[in-house]
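**Q** Attaching a single structure in structure tokens format; questions to follow.
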Amino acid sequence: MLRAIITAILSALKSIGRFAGRIVAAPFAALGAMAGGDVAAAPPLIELPPPIEAATNDNSEVYKRIADAILRWACTSVIDDRPAPLPPGLPLAVRAWLPGLSREECEAIVESEPNDVLAHFNGISPIIGVRSVQSLAAVSEWAVRDSKPAQQEVSSPPLSAPASYGAR
């Protein structure tokens, strides 16, 4: 680190020396030009290269991959009936958010389109029933869901027909 500091100081001193040399030489160059000195002795003009066009930062593919990874994780979690391991390459915010989602939130994500997941991730348009991307406490297991839906009692008609049905 000390070497870098010394190098920086030396570079600054060289720059100051070159600038001071140009200032000192400027009046002599002007006097030489007025006295009929050779103008060709001046250094030739150097054409600058064309500017390098800046690369466009189109991150749409990156965001699509993130949305697909979120959808795959949510599908795997719903199928396994517990939070799945996180895939590699996710942003830190998503890595802190996904493990804290509930089964219902994962089901809402699975039912969404990739563009909806992308909009939710970017905070543009939330998915209903899913908390925004934030740091959530990780859930290792989801609550056990009843496998049998509650049956409703249905009153059935009597098995024998009343006497009034067949009488004439």
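Within each chain, counting starts at residue 1; across the structure tokens, chains are named A, B, ... in the order shown, with ligands numbered 1 upward in that order.
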Near region 80-88 of chain A, counting only C-alpha atoms, which residues have an atom at most 9 Å away, once you skip same-chain residues fewer than 6 positions from it, shown as a list in words?
**A**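 Selected residues are Ala69, Ile70, Trp73, Ala74, Arg95, Leu98, Pro99, Gly100, Leu101, Ser102, Arg103, Ala138, Val139, Ser140, Glu141, Trp142, Ala143 and Val144 of chain A.
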**Q** Export C-alpha atoms of the chosen residues as a compact mmCIF listing (two decimals), in the first residue's frame?
**A**
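Once written, result13.txt looks like this:
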```txt
# COMPACT_ATOMS: atom_id res chain seq x y z
CA ALA A 69 -35.13 -19.26 -10.88
CA ILE A 70 -37.73 -17.87 -8.44
CA TRP A 73 -37.75 -22.64 -6.62
CA ALA A 74 -41.41 -21.99 -5.77
CA ARG A 95 -31.64 -15.18 -1.12
CA LEU A 98 -37.25 -16.84 -0.58
CA PRO A 99 -36.63 -19.05 2.50
CA GLY A 100 -39.16 -17.06 4.52
CA LEU A 101 -42.08 -17.48 2.12
CA SER A 102 -45.07 -19.58 3.12
CA ARG A 103 -46.71 -22.33 1.07
CA ALA A 138 -36.18 -18.57 7.16
CA VAL A 139 -38.76 -21.31 7.55
CA SER A 140 -37.40 -24.86 7.59
CA GLU A 141 -40.77 -26.64 7.46
CA TRP A 142 -44.26 -25.54 6.56
CA ALA A 143 -47.23 -26.24 8.76
CA VAL A 144 -48.90 -29.57 8.02
```
**Q** Write out as a ChimeraX atom specification which residues come within 10 Å of Asn115 (chain A) when counting only C-alpha atoms, dropping same-chain ones fewer than 3 positions away.
**A** /A:63-64,67-68,112,118-121,125
